[in-house]
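A.B. asks: If you scroll down you'll find the structure; I have some questions about it.
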Amino acid sequence: MRSTRLGSLEVSVIGLGCMSMSQSYGPADPAESERTLHRALDLGVTFLDTANAYGLGHNEELLGRVLAGRRHEFRLATKFGIVKFPDGRRGVDGHPDQVAARCEESLARLRTDYIDLYYLHRLDPKVPIEDTVGAMARLVEAGKVRHLGLSEISSKTLRRAHAVHPITAVQSEYSLWTRDPEAHVLPACLELGVGFVPFSPVGRAMLTGRLNDGGAWPKHDLRADMPRFVGENFTRNRALVAELEAFAAARGHTAAQIALAWLLAKGEGIAPIPGTKRVSYLEEDLGGADIALGADEVARLDALFAPANIAGERYPPALQASIDSD
Ligand SMILES: NC(=O)c1ccc[n+]([C@@H]2O[C@H](COP(=O)([O-])OP(=O)(O)OC[C@H]3O[C@@H](n4cnc5c(N)ncnc54)[C@H](OP(=O)(O)O)[C@@H]3O)[C@@H](O)[C@H]2O)c1
């Protein structure tokens, strides 16, 4: 697979998001997850994404157990800063005196002695970003971490952080139906030479065309609480996706592949990380890397999924409040 550069970090142009192997979208499937991880590397994926919060450490442990013997084949990104408690409560912690300990825990679970890209998962509003990034920079000096990243961050915070230590990548939700980064963060990344990693690039499965029921989310499925995935909003959004499916079919592709090709058409230094725990979805999604959309096709998709056409907010209010946005 071809590659791109996030700052000075070279990665496959499509990575693999590993979150759903441990949480969020339906029951885990450890054996299929293991096959998916190996298949990703075999197909040339060199960029794997996890976080200490995913499954309360389960996700990092999975990657460490399955891939320790292939560590030299991929760039490993993980994150810290979201704190989850077993009773379901959630908080953020970016205190500089916590950063080294969180990193050591991740290294142990991942069975490695370095992290290629270490992200702050969410800004801690109680801690100046300069302090958190200063502590992260000390991990680079110590050789534990090679590059720094920030997730769901405003352009203003990015600029402050980048002045302390070069930021290699920003990771935020970006897809056909979530266009928020286009206003401020993406232009700032372009200006500063910072890469951009779109998360939920196939819209938490919505943009694949394979979701057909907005009223039957199982327990613990994140989408049950997300306004776009329920009731009338789901029905309206699903109708837009039907148009995406038709657009894709006319070109001999799937909706998921076009959703990913659309992101790649937005420029260099963008590496989406579709998430899956299944080999078949992985293989399909990676096909998006081979599709070159023309400017007219991109414009048509831009217009089809214009923010005014999307029904419902992307997050419920409490989650939205934890986002640092411009
Ligand atoms: N920084 C952050 O705050 C943040 C937040 C969310 C996610 N992330 C990262 O971004 C990655 C991707 O985001 P995401 O997982 O939320 O959303 P996503 O990649 O847009 O969608 C994942 C969902 O789509 C399904 N899927 C993937 N390809 C498919 C296909 N071709 N056909 C049908 N279904 C398909 C997956 O199913 P299965 O799971 O059943 O395979 C999963 O339910 C995560 O794994 C995580 O690493 C980061």
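By order of appearance in the structure tokens: chains A, B, ..., then residues from 1 within every chain, and ligands from 1 in the order shown.
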List the neighbours of A:Ser325 out to 10 Å using only C-alpha atoms; skip same-chain residues closer than 6 positions along the sequence, and give me the result as a ChimeraX atom specification.

C.D. replies: /A:152-157,180-181,184-185

A.B. asks: For the selection you just gave me, I'd like the residues written to a file as a CSV table (one decimal), in the first residue's frame, keeping all heavy atoms.

C.D. replies:
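Done, and the output landed in selection.csv:
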chain,number,residue,atom,x,y,z
A,152,GLU,N,-8.9,15.5,19.1
A,152,GLU,CA,-10.1,16.3,19.3
A,152,GLU,C,-9.6,17.7,19.9
A,152,GLU,O,-10.1,18.1,21.0
A,152,GLU,CB,-11.1,15.7,20.2
A,152,GLU,CG,-11.8,14.5,19.6
A,152,GLU,CD,-13.0,14.9,18.7
A,152,GLU,OE1,-13.0,16.0,18.2
A,152,GLU,OE2,-13.8,14.0,18.5
A,153,ILE,N,-8.8,18.4,19.2
A,153,ILE,CA,-8.2,19.6,19.7
A,153,ILE,C,-8.5,20.8,18.8
A,153,ILE,O,-8.7,20.6,17.7
A,153,ILE,CB,-6.6,19.3,19.8
A,153,ILE,CG1,-6.0,20.1,20.9
A,153,ILE,CG2,-5.9,19.7,18.5
A,153,ILE,CD1,-6.1,19.3,22.2
A,154,SER,N,-8.6,21.9,19.4
A,154,SER,CA,-8.9,23.1,18.6
A,154,SER,C,-7.6,23.6,17.9
A,154,SER,O,-6.5,23.2,18.3
A,154,SER,CB,-9.4,24.2,19.5
A,154,SER,OG,-8.4,24.7,20.3
A,155,SER,N,-7.8,24.4,16.9
A,155,SER,CA,-6.6,25.0,16.2
A,155,SER,C,-5.7,25.8,17.2
A,155,SER,O,-4.5,25.9,17.1
A,155,SER,CB,-6.9,25.7,15.0
A,155,SER,OG,-7.7,26.9,15.3
A,156,LYS,N,-6.4,26.5,18.1
A,156,LYS,CA,-5.7,27.4,19.1
A,156,LYS,C,-4.8,26.5,20.0
A,156,LYS,O,-3.7,26.9,20.2
A,156,LYS,CB,-6.7,28.2,19.9
A,156,LYS,CG,-7.5,29.2,19.1
A,156,LYS,CD,-8.4,30.1,20.0
A,156,LYS,CE,-9.3,30.9,19.2
A,156,LYS,NZ,-10.4,30.2,18.5
A,157,THR,N,-5.4,25.5,20.5
A,157,THR,CA,-4.6,24.6,21.4
A,157,THR,C,-3.5,23.9,20.6
A,157,THR,O,-2.3,23.8,21.1
A,157,THR,CB,-5.5,23.5,22.0
A,157,THR,OG1,-6.6,24.2,22.7
A,157,THR,CG2,-4.7,22.6,23.0
A,180,ASP,N,-16.5,19.0,10.7
A,180,ASP,CA,-16.1,20.1,11.6
A,180,ASP,C,-14.6,20.5,11.4
A,180,ASP,O,-14.3,21.7,11.4
A,180,ASP,CB,-16.3,19.7,13.1
A,180,ASP,CG,-17.6,19.1,13.4
A,180,ASP,OD1,-18.1,18.3,12.6
A,180,ASP,OD2,-18.2,19.4,14.4
A,181,PRO,N,-13.7,19.6,11.2
A,181,PRO,CA,-12.2,20.0,11.1
A,181,PRO,C,-11.9,20.9,9.9
A,181,PRO,O,-10.9,21.6,9.9
A,181,PRO,CB,-11.5,18.7,10.9
A,181,PRO,CG,-12.4,17.6,11.5
A,181,PRO,CD,-13.8,18.1,11.2
A,184,HIS,N,-11.2,25.0,10.8
A,184,HIS,CA,-10.0,25.6,11.5
A,184,HIS,C,-8.9,24.6,11.6
A,184,HIS,O,-7.7,25.0,11.4
A,184,HIS,CB,-10.4,26.1,12.9
A,184,HIS,CG,-11.5,27.1,12.9
A,184,HIS,ND1,-11.2,28.4,12.5
A,184,HIS,CD2,-12.8,27.1,13.2
A,184,HIS,CE1,-12.4,29.1,12.6
A,184,HIS,NE2,-13.3,28.3,13.0
A,185,VAL,N,-9.1,23.4,12.1
A,185,VAL,CA,-8.0,22.5,12.5
A,185,VAL,C,-7.3,22.0,11.2
A,185,VAL,O,-6.0,22.0,11.2
A,185,VAL,CB,-8.6,21.3,13.3
A,185,VAL,CG1,-7.4,20.3,13.6
A,185,VAL,CG2,-9.2,21.8,14.6

A.B. asks: Counting only C-alpha atoms, what is within 10 Å of A:Thr168, bar same-chain residues fewer than 3 positions away, as a list of chain:residue names?

C.D. replies: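 Counting only C-alpha atoms, the residues come to A:Arg5, A:Leu6, A:Gly7, A:Ser8, A:Leu9, A:Leu117, A:Tyr118, A:Tyr119, A:Arg146, A:His147, A:Leu148, A:Gly149, A:Leu150, A:His162, A:His165, A:Cys189, A:Leu192, A:Gly193, A:Val194, A:Gly195, A:Phe196.
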
A.B. asks: Could you take the residues named above and write them with N, CA, C and O atoms, as an mmCIF file, in the first residue's frame?

C.D. replies:
data_model
loop_
_atom_site.group_PDB
_atom_site.id
_atom_site.type_symbol
_atom_site.label_atom_id
_atom_site.label_comp_id
_atom_site.auth_asym_id
_atom_site.auth_seq_id
_atom_site.Cartn_x
_atom_site.Cartn_y
_atom_site.Cartn_z
ATOM 1 N N ARG A 5 2.986 10.965 4.684
ATOM 2 C CA ARG A 5 3.762 11.444 5.837
ATOM 3 C C ARG A 5 2.874 12.275 6.748
ATOM 4 O O ARG A 5 2.206 13.213 6.298
ATOM 5 N N LEU A 6 2.892 11.909 8.023
ATOM 6 C CA LEU A 6 2.277 12.738 9.065
ATOM 7 C C LEU A 6 3.453 13.471 9.696
ATOM 8 O O LEU A 6 4.268 12.842 10.379
ATOM 9 N N GLY A 7 3.592 14.759 9.427
ATOM 10 C CA GLY A 7 4.832 15.408 9.840
ATOM 11 C C GLY A 7 5.993 14.625 9.252
ATOM 12 O O GLY A 7 6.054 14.408 8.042
ATOM 13 N N SER A 8 6.890 14.135 10.114
ATOM 14 C CA SER A 8 8.025 13.352 9.612
ATOM 15 C C SER A 8 7.814 11.842 9.775
ATOM 16 O O SER A 8 8.739 11.064 9.590
ATOM 17 N N LEU A 9 6.602 11.445 10.130
ATOM 18 C CA LEU A 9 6.310 10.018 10.351
ATOM 19 C C LEU A 9 5.643 9.423 9.111
ATOM 20 O O LEU A 9 4.574 9.872 8.695
ATOM 21 N N LEU A 117 3.793 7.041 18.034
ATOM 22 C CA LEU A 117 2.997 8.271 18.063
ATOM 23 C C LEU A 117 2.137 8.247 19.324
ATOM 24 O O LEU A 117 1.267 7.377 19.466
ATOM 25 N N TYR A 118 2.428 9.174 20.236
ATOM 26 C CA TYR A 118 1.732 9.184 21.528
ATOM 27 C C TYR A 118 0.839 10.410 21.590
ATOM 28 O O TYR A 118 1.327 11.543 21.522
ATOM 29 N N TYR A 119 -0.471 10.157 21.694
ATOM 30 C CA TYR A 119 -1.445 11.250 21.663
ATOM 31 C C TYR A 119 -1.970 11.570 23.059
ATOM 32 O O TYR A 119 -2.232 10.652 23.868
ATOM 33 N N ARG A 146 8.319 8.443 20.022
ATOM 34 C CA ARG A 146 9.029 9.059 18.884
ATOM 35 C C ARG A 146 8.357 10.311 18.351
ATOM 36 O O ARG A 146 9.016 11.195 17.842
ATOM 37 N N HIS A 147 7.031 10.363 18.411
ATOM 38 C CA HIS A 147 6.295 11.523 17.890
ATOM 39 C C HIS A 147 5.127 11.826 18.825
ATOM 40 O O HIS A 147 4.589 10.912 19.459
ATOM 41 N N LEU A 148 4.700 13.094 18.801
ATOM 42 C CA LEU A 148 3.582 13.502 19.666
ATOM 43 C C LEU A 148 2.345 13.847 18.841
ATOM 44 O O LEU A 148 2.447 14.405 17.736
ATOM 45 N N GLY A 149 1.172 13.549 19.405
ATOM 46 C CA GLY A 149 -0.085 13.878 18.748
ATOM 47 C C GLY A 149 -1.113 14.376 19.746
ATOM 48 O O GLY A 149 -0.958 14.228 20.966
ATOM 49 N N LEU A 150 -2.170 14.979 19.209
ATOM 50 C CA LEU A 150 -3.279 15.501 20.023
ATOM 51 C C LEU A 150 -4.577 15.052 19.373
ATOM 52 O O LEU A 150 -4.666 15.017 18.139
ATOM 53 N N HIS A 162 2.216 23.128 19.644
ATOM 54 C CA HIS A 162 3.265 23.010 18.616
ATOM 55 C C HIS A 162 4.437 23.942 18.920
ATOM 56 O O HIS A 162 5.569 23.689 18.489
ATOM 57 N N HIS A 165 6.601 21.728 21.484
ATOM 58 C CA HIS A 165 7.275 20.588 20.844
ATOM 59 C C HIS A 165 6.544 20.298 19.544
ATOM 60 O O HIS A 165 5.314 20.359 19.518
ATOM 61 N N CYS A 189 -3.336 22.521 10.465
ATOM 62 C CA CYS A 189 -2.417 21.396 10.256
ATOM 63 C C CYS A 189 -1.608 21.620 8.981
ATOM 64 O O CYS A 189 -0.382 21.423 8.965
ATOM 65 N N LEU A 192 1.021 24.290 9.530
ATOM 66 C CA LEU A 192 2.109 23.951 10.458
ATOM 67 C C LEU A 192 2.889 22.698 10.036
ATOM 68 O O LEU A 192 3.874 22.338 10.695
ATOM 69 N N GLY A 193 2.420 22.010 8.999
ATOM 70 C CA GLY A 193 3.086 20.757 8.602
ATOM 71 C C GLY A 193 2.761 19.611 9.547
ATOM 72 O O GLY A 193 3.559 18.696 9.737
ATOM 73 N N VAL A 194 1.561 19.655 10.123
ATOM 74 C CA VAL A 194 1.104 18.601 11.042
ATOM 75 C C VAL A 194 0.175 17.662 10.270
ATOM 76 O O VAL A 194 -0.680 18.121 9.511
ATOM 77 N N GLY A 195 0.347 16.354 10.438
ATOM 78 C CA GLY A 195 -0.513 15.389 9.758
ATOM 79 C C GLY A 195 -1.899 15.355 10.385
ATOM 80 O O GLY A 195 -2.119 15.867 11.491
ATOM 81 N N PHE A 196 -2.831 14.725 9.656
ATOM 82 C CA PHE A 196 -4.193 14.635 10.184
ATOM 83 C C PHE A 196 -4.689 13.192 10.051
ATOM 84 O O PHE A 196 -4.603 12.590 8.972
#

A.B. asks: Which residues sit within 6 Å of ligand 1, counting only C-alpha atoms and all ligand atoms, listed as a PyMOL selection string?

C.D. replies: chain A and resi 17-20+25+49-50+121+151+171-172+199-205+208+210+256+273-278+281+284-285

A.B. asks: Can you write out the residues you just picked, keeping N, CA and C atoms, as a tab-separated table (two decimals), in the first residue's frame?

C.D. replies:
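Result went into selection.tsv, see below:
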chain	number	residue	atom	x	y	z
A	17	GLY	N	-7.84	1.11	12.80
A	17	GLY	CA	-8.31	1.47	14.14
A	17	GLY	C	-8.72	0.21	14.87
A	18	CYS	N	-8.21	0.02	16.06
A	18	CYS	CA	-8.40	-1.25	16.76
A	18	CYS	C	-9.46	-1.20	17.86
A	19	MET	N	-10.06	-0.05	18.08
A	19	MET	CA	-10.97	0.15	19.21
A	19	MET	C	-12.08	-0.89	19.27
A	20	SER	N	-12.71	-1.18	18.12
A	20	SER	CA	-13.89	-2.07	18.17
A	20	SER	C	-13.53	-3.51	18.48
A	25	TYR	N	-18.74	-1.15	19.58
A	25	TYR	CA	-19.66	-1.54	18.52
A	25	TYR	C	-19.88	-3.05	18.53
A	49	ASP	N	-3.76	1.88	15.42
A	49	ASP	CA	-4.23	2.88	16.38
A	49	ASP	C	-4.95	2.22	17.55
A	50	THR	N	-4.50	2.56	18.76
A	50	THR	CA	-5.16	2.07	19.96
A	50	THR	C	-5.16	3.19	21.00
A	121	HIS	N	-5.36	12.20	24.46
A	121	HIS	CA	-6.65	11.75	23.92
A	121	HIS	C	-7.70	12.87	23.99
A	151	SER	N	-5.58	14.75	20.19
A	151	SER	CA	-6.85	14.28	19.65
A	151	SER	C	-7.98	15.22	20.03
A	171	GLN	N	-5.55	13.91	15.64
A	171	GLN	CA	-6.56	12.89	15.35
A	171	GLN	C	-7.91	13.40	15.81
A	172	SER	N	-8.84	13.56	14.86
A	172	SER	CA	-10.19	14.01	15.21
A	172	SER	C	-11.18	13.33	14.28
A	199	PHE	N	-10.54	10.00	12.52
A	199	PHE	CA	-11.11	8.81	13.17
A	199	PHE	C	-12.59	8.70	12.80
A	200	SER	N	-13.14	7.52	13.04
A	200	SER	CA	-14.52	7.18	12.59
A	200	SER	C	-14.72	7.58	11.12
A	201	PRO	N	-13.79	7.19	10.24
A	201	PRO	CA	-13.85	7.65	8.84
A	201	PRO	C	-14.97	7.03	8.04
A	202	VAL	N	-15.50	5.87	8.50
A	202	VAL	CA	-16.69	5.33	7.82
A	202	VAL	C	-17.92	5.53	8.71
A	203	GLY	N	-17.87	6.63	9.47
A	203	GLY	CA	-19.05	7.06	10.23
A	203	GLY	C	-19.59	6.03	11.19
A	204	ARG	N	-18.70	5.33	11.89
A	204	ARG	CA	-19.10	4.28	12.84
A	204	ARG	C	-20.03	3.28	12.15
A	205	ALA	N	-19.69	2.96	10.92
A	205	ALA	CA	-20.37	1.99	10.03
A	205	ALA	C	-21.51	2.61	9.23
A	208	THR	N	-21.02	2.87	5.46
A	208	THR	CA	-20.78	1.64	4.69
A	208	THR	C	-22.04	1.15	4.01
A	210	ARG	N	-24.23	-0.59	5.52
A	210	ARG	CA	-24.64	-1.87	6.10
A	210	ARG	C	-25.46	-1.70	7.38
A	256	ALA	N	-18.21	2.26	1.63
A	256	ALA	CA	-17.08	2.44	2.56
A	256	ALA	C	-15.82	2.86	1.80
A	273	ILE	N	-8.12	6.00	9.70
A	273	ILE	CA	-7.94	4.72	10.42
A	273	ILE	C	-9.29	4.03	10.60
A	274	PRO	N	-9.86	3.48	9.51
A	274	PRO	CA	-11.12	2.76	9.68
A	274	PRO	C	-10.96	1.65	10.71
A	275	GLY	N	-11.99	1.46	11.50
A	275	GLY	CA	-11.91	0.47	12.57
A	275	GLY	C	-12.71	-0.77	12.23
A	276	THR	N	-12.13	-1.91	12.46
A	276	THR	CA	-12.88	-3.15	12.31
A	276	THR	C	-12.20	-4.28	13.07
A	277	LYS	N	-13.02	-5.28	13.38
A	277	LYS	CA	-12.47	-6.49	14.00
A	277	LYS	C	-12.64	-7.68	13.05
A	278	ARG	N	-12.94	-7.39	11.76
A	278	ARG	CA	-13.22	-8.48	10.81
A	278	ARG	C	-12.33	-8.37	9.58
A	281	TYR	N	-14.18	-6.87	6.35
A	281	TYR	CA	-14.33	-5.41	6.33
A	281	TYR	C	-12.97	-4.74	6.08
A	284	GLU	N	-12.09	-4.94	2.45
A	284	GLU	CA	-12.91	-4.00	1.68
A	284	GLU	C	-12.41	-2.56	1.87
A	285	ASP	N	-12.20	-2.18	3.13
A	285	ASP	CA	-11.83	-0.79	3.42
A	285	ASP	C	-10.50	-0.41	2.76

A.B. asks: My list of candidates is A:Phe47, A:Ala255, A:Pro128, A:Leu260. Which is closest to A:Ala292 when distances are computed with only C-alpha atoms?

C.D. replies: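 Counting only C-alpha atoms, the residue closest to A:Ala292 is A:Leu260.
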
A.B. asks: Show me, as a VMD selection string, the residues that have an atom within 6 Å of A:Val197 when counting only C-alpha atoms, minus same-chain residues fewer than 5 positions from it.

C.D. replies: chain A and resid 171 270 to 272

A.B. asks: Residues of the last selection are to be written out with C-alpha atoms, as a PDB file, in the first residue's frame.

C.D. replies:
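Writing the result to again-v6.pdb gives the following:
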ATOM      1  CA  GLN A 171      -6.558  12.895  15.347  1.00  0.00           C
ATOM      2  CA  ILE A 270      -4.115  12.549   5.806  1.00  0.00           C
ATOM      3  CA  ALA A 271      -4.249   8.927   7.003  1.00  0.00           C
ATOM      4  CA  PRO A 272      -7.701   7.632   7.994  1.00  0.00           C
TER       5      PRO A 272
END

A.B. asks: I'd like the contact shell of A:Lys266 - 12 Å cut-off, only C-alpha atoms, skipping same-chain residues fewer than 4 positions apart - returned as a list in words.

C.D. replies: Tyr174, Ser175, Leu176, Arg179, Pro181, Glu182, Leu186, Pro187, Leu190, Phe196, Val197, Pro198, Ala259, Leu260, Ala261, Trp262, Ile270, Ala271, Pro272, Ala292, Leu293, Gly294, Ala295, Glu297, Val298, Ala299, Leu301 and Asp302 of chain A

A.B. asks: Just the residues within 7 Å of A:Pro96, please, counting only C-alpha atoms, with nothing from its chain fewer than 5 positions along; format it as a list in words.

C.D. replies: Asp131, Thr132 and Ala135 of chain A

A.B. asks: Could you check which of A:Gly57, A:Gly287, A:Gly15, A:Pro307 is closest to A:Ala108, using only C-alpha atoms?

C.D. replies: A:Gly57

A.B. asks: Could you pull the residues within 12 Å of A:Glu73, counting only C-alpha atoms, minus those fewer than 5 positions along the same chain, as JSON, numbers by chain?

C.D. replies: {"A": [11, 12, 37, 38, 40, 41, 42, 43, 44, 45, 46, 47, 48, 67, 68, 116]}

A.B. asks: Could you write those residues out with N, CA, C and O atoms, as a JSON list (two decimals), in the first residue's frame?

C.D. replies:
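So selection.json came out as:
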[["chain", "number", "residue", "atom", "x", "y", "z"],
["A", 11, "VAL", "N", 3.60, 6.59, 7.21],
["A", 11, "VAL", "CA", 2.63, 5.53, 7.54],
["A", 11, "VAL", "C", 1.87, 5.14, 6.27],
["A", 11, "VAL", "O", 1.81, 5.92, 5.32],
["A", 12, "SER", "N", 1.28, 3.95, 6.29],
["A", 12, "SER", "CA", 0.41, 3.57, 5.17],
["A", 12, "SER", "C", -0.75, 4.56, 5.12],
["A", 12, "SER", "O", -1.20, 5.06, 6.15],
["A", 37, "LEU", "N", -5.69, -8.40, 12.68],
["A", 37, "LEU", "CA", -4.41, -7.71, 12.92],
["A", 37, "LEU", "C", -3.32, -8.26, 12.00],
["A", 37, "LEU", "O", -2.58, -7.50, 11.35],
["A", 38, "HIS", "N", -3.22, -9.57, 11.93],
["A", 38, "HIS", "CA", -2.18, -10.16, 11.07],
["A", 38, "HIS", "C", -2.44, -9.84, 9.61],
["A", 38, "HIS", "O", -1.51, -9.52, 8.85],
["A", 40, "ALA", "N", -3.96, -7.32, 8.34],
["A", 40, "ALA", "CA", -3.65, -5.91, 8.07],
["A", 40, "ALA", "C", -2.17, -5.76, 7.74],
["A", 40, "ALA", "O", -1.81, -5.13, 6.74],
["A", 41, "LEU", "N", -1.32, -6.34, 8.56],
["A", 41, "LEU", "CA", 0.12, -6.22, 8.30],
["A", 41, "LEU", "C", 0.48, -6.92, 6.99],
["A", 41, "LEU", "O", 1.27, -6.40, 6.18],
["A", 42, "ASP", "N", -0.12, -8.08, 6.74],
["A", 42, "ASP", "CA", 0.18, -8.81, 5.50],
["A", 42, "ASP", "C", -0.21, -8.00, 4.28],
["A", 42, "ASP", "O", 0.41, -8.13, 3.22],
["A", 43, "LEU", "N", -1.24, -7.17, 4.41],
["A", 43, "LEU", "CA", -1.71, -6.37, 3.26],
["A", 43, "LEU", "C", -1.01, -5.01, 3.17],
["A", 43, "LEU", "O", -1.36, -4.19, 2.34],
["A", 44, "GLY", "N", -0.03, -4.78, 4.03],
["A", 44, "GLY", "CA", 0.77, -3.57, 3.90],
["A", 44, "GLY", "C", 0.33, -2.42, 4.78],
["A", 44, "GLY", "O", 0.83, -1.29, 4.63],
["A", 45, "VAL", "N", -0.59, -2.66, 5.71],
["A", 45, "VAL", "CA", -0.94, -1.60, 6.68],
["A", 45, "VAL", "C", 0.24, -1.47, 7.64],
["A", 45, "VAL", "O", 0.70, -2.45, 8.21],
["A", 46, "THR", "N", 0.72, -0.24, 7.82],
["A", 46, "THR", "CA", 1.86, -0.03, 8.73],
["A", 46, "THR", "C", 1.51, 0.94, 9.85],
["A", 46, "THR", "O", 2.39, 1.52, 10.48],
["A", 47, "PHE", "N", 0.21, 1.14, 10.09],
["A", 47, "PHE", "CA", -0.21, 2.17, 11.05],
["A", 47, "PHE", "C", -1.38, 1.62, 11.87],
["A", 47, "PHE", "O", -2.48, 1.43, 11.34],
["A", 48, "LEU", "N", -1.12, 1.33, 13.14],
["A", 48, "LEU", "CA", -2.14, 0.77, 14.02],
["A", 48, "LEU", "C", -2.47, 1.76, 15.12],
["A", 48, "LEU", "O", -1.57, 2.38, 15.70],
["A", 67, "LEU", "N", 0.94, -9.09, 18.40],
["A", 67, "LEU", "CA", 1.87, -8.54, 17.42],
["A", 67, "LEU", "C", 3.28, -8.27, 17.94],
["A", 67, "LEU", "O", 4.10, -7.71, 17.21],
["A", 68, "ALA", "N", 3.58, -8.66, 19.17],
["A", 68, "ALA", "CA", 4.91, -8.37, 19.70],
["A", 68, "ALA", "C", 6.01, -8.89, 18.76],
["A", 68, "ALA", "O", 7.03, -8.22, 18.55],
["A", 116, "ASP", "N", 5.42, 4.85, 18.67],
["A", 116, "ASP", "CA", 5.76, 5.73, 17.54],
["A", 116, "ASP", "C", 5.05, 7.07, 17.63],
["A", 116, "ASP", "O", 5.62, 8.11, 17.29]]

A.B. asks: To one decimal place in Å, what is the distance between atom CA of A:Gly215 and atom CA of A:Ala28?

C.D. replies: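 Taking atom CA of A:Gly215 as the start and atom CA of A:Ala28 as the end point, the length is 21.2 Å.
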
A.B. asks: Please identify all polymer residues within 10 Å of stretch 225-240 of chain A, counting only C-alpha atoms, omitting same-chain residues fewer than 2 positions from it, and present them as a PyMOL selection string.

C.D. replies: chain A and resi 177+204+206-207+209-217+220-223+242-245+304-305+309-317+319

A.B. asks: What does the distance between atom CA of A:Gly55 and atom CA of A:Gln23 come to in Å, to one decimal place?

C.D. replies: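 Interatomic distance here is 5.7 Å.
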
A.B. asks: Go through A:Val170, A:Ala224, A:Val164, A:Ala142 and flag the residue nearest A:Gly26, using only C-alpha atoms for the distances.

C.D. replies: A:Ala224

A.B. asks: Figure out the distance between atom CA of A:Arg159 and atom CA of A:Ala183, please, to one decimal in Å.

C.D. replies: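 Separating atom CA of A:Ala183 from atom CA of A:Arg159 is a distance of 15.1 Å.
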
A.B. asks: If DSSP is run on the backbone, what residues of stretch 54-243 of chain A are strand (DSSP E or B)? A reply as a ChimeraX atom specification would be ideal.

C.D. replies: /A:75-80,82-84,90-92,115-120,145-151,169-173,175,178,195-199

A.B. asks: Which residue out of A:Ile258, A:Val83, A:Val92, A:Val279 has the minimum interatomic distance to A:Met21 when only C-alpha atoms are used?

C.D. replies: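 Of A:Ile258, A:Val83, A:Val92, A:Val279, the one nearest A:Met21 is A:Val279, counting only C-alpha atoms.
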
A.B. asks: From a DSSP calculation on the backbone, collect every residue of stretch 112-190 of chain A in helix (DSSP H, G or I) and output the set as number ranges by chain.

C.D. replies: A: 129-141, 155-164, 180-182, 185-190

A.B. asks: Counting only C-alpha atoms, which of A:Ala77, A:Leu110, A:Val127, A:Ile82 gets nearest to A:Ala169?

C.D. replies: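 Between A:Ala77, A:Leu110, A:Val127, A:Ile82, the residue approaching A:Ala169 most closely is A:Ala77.
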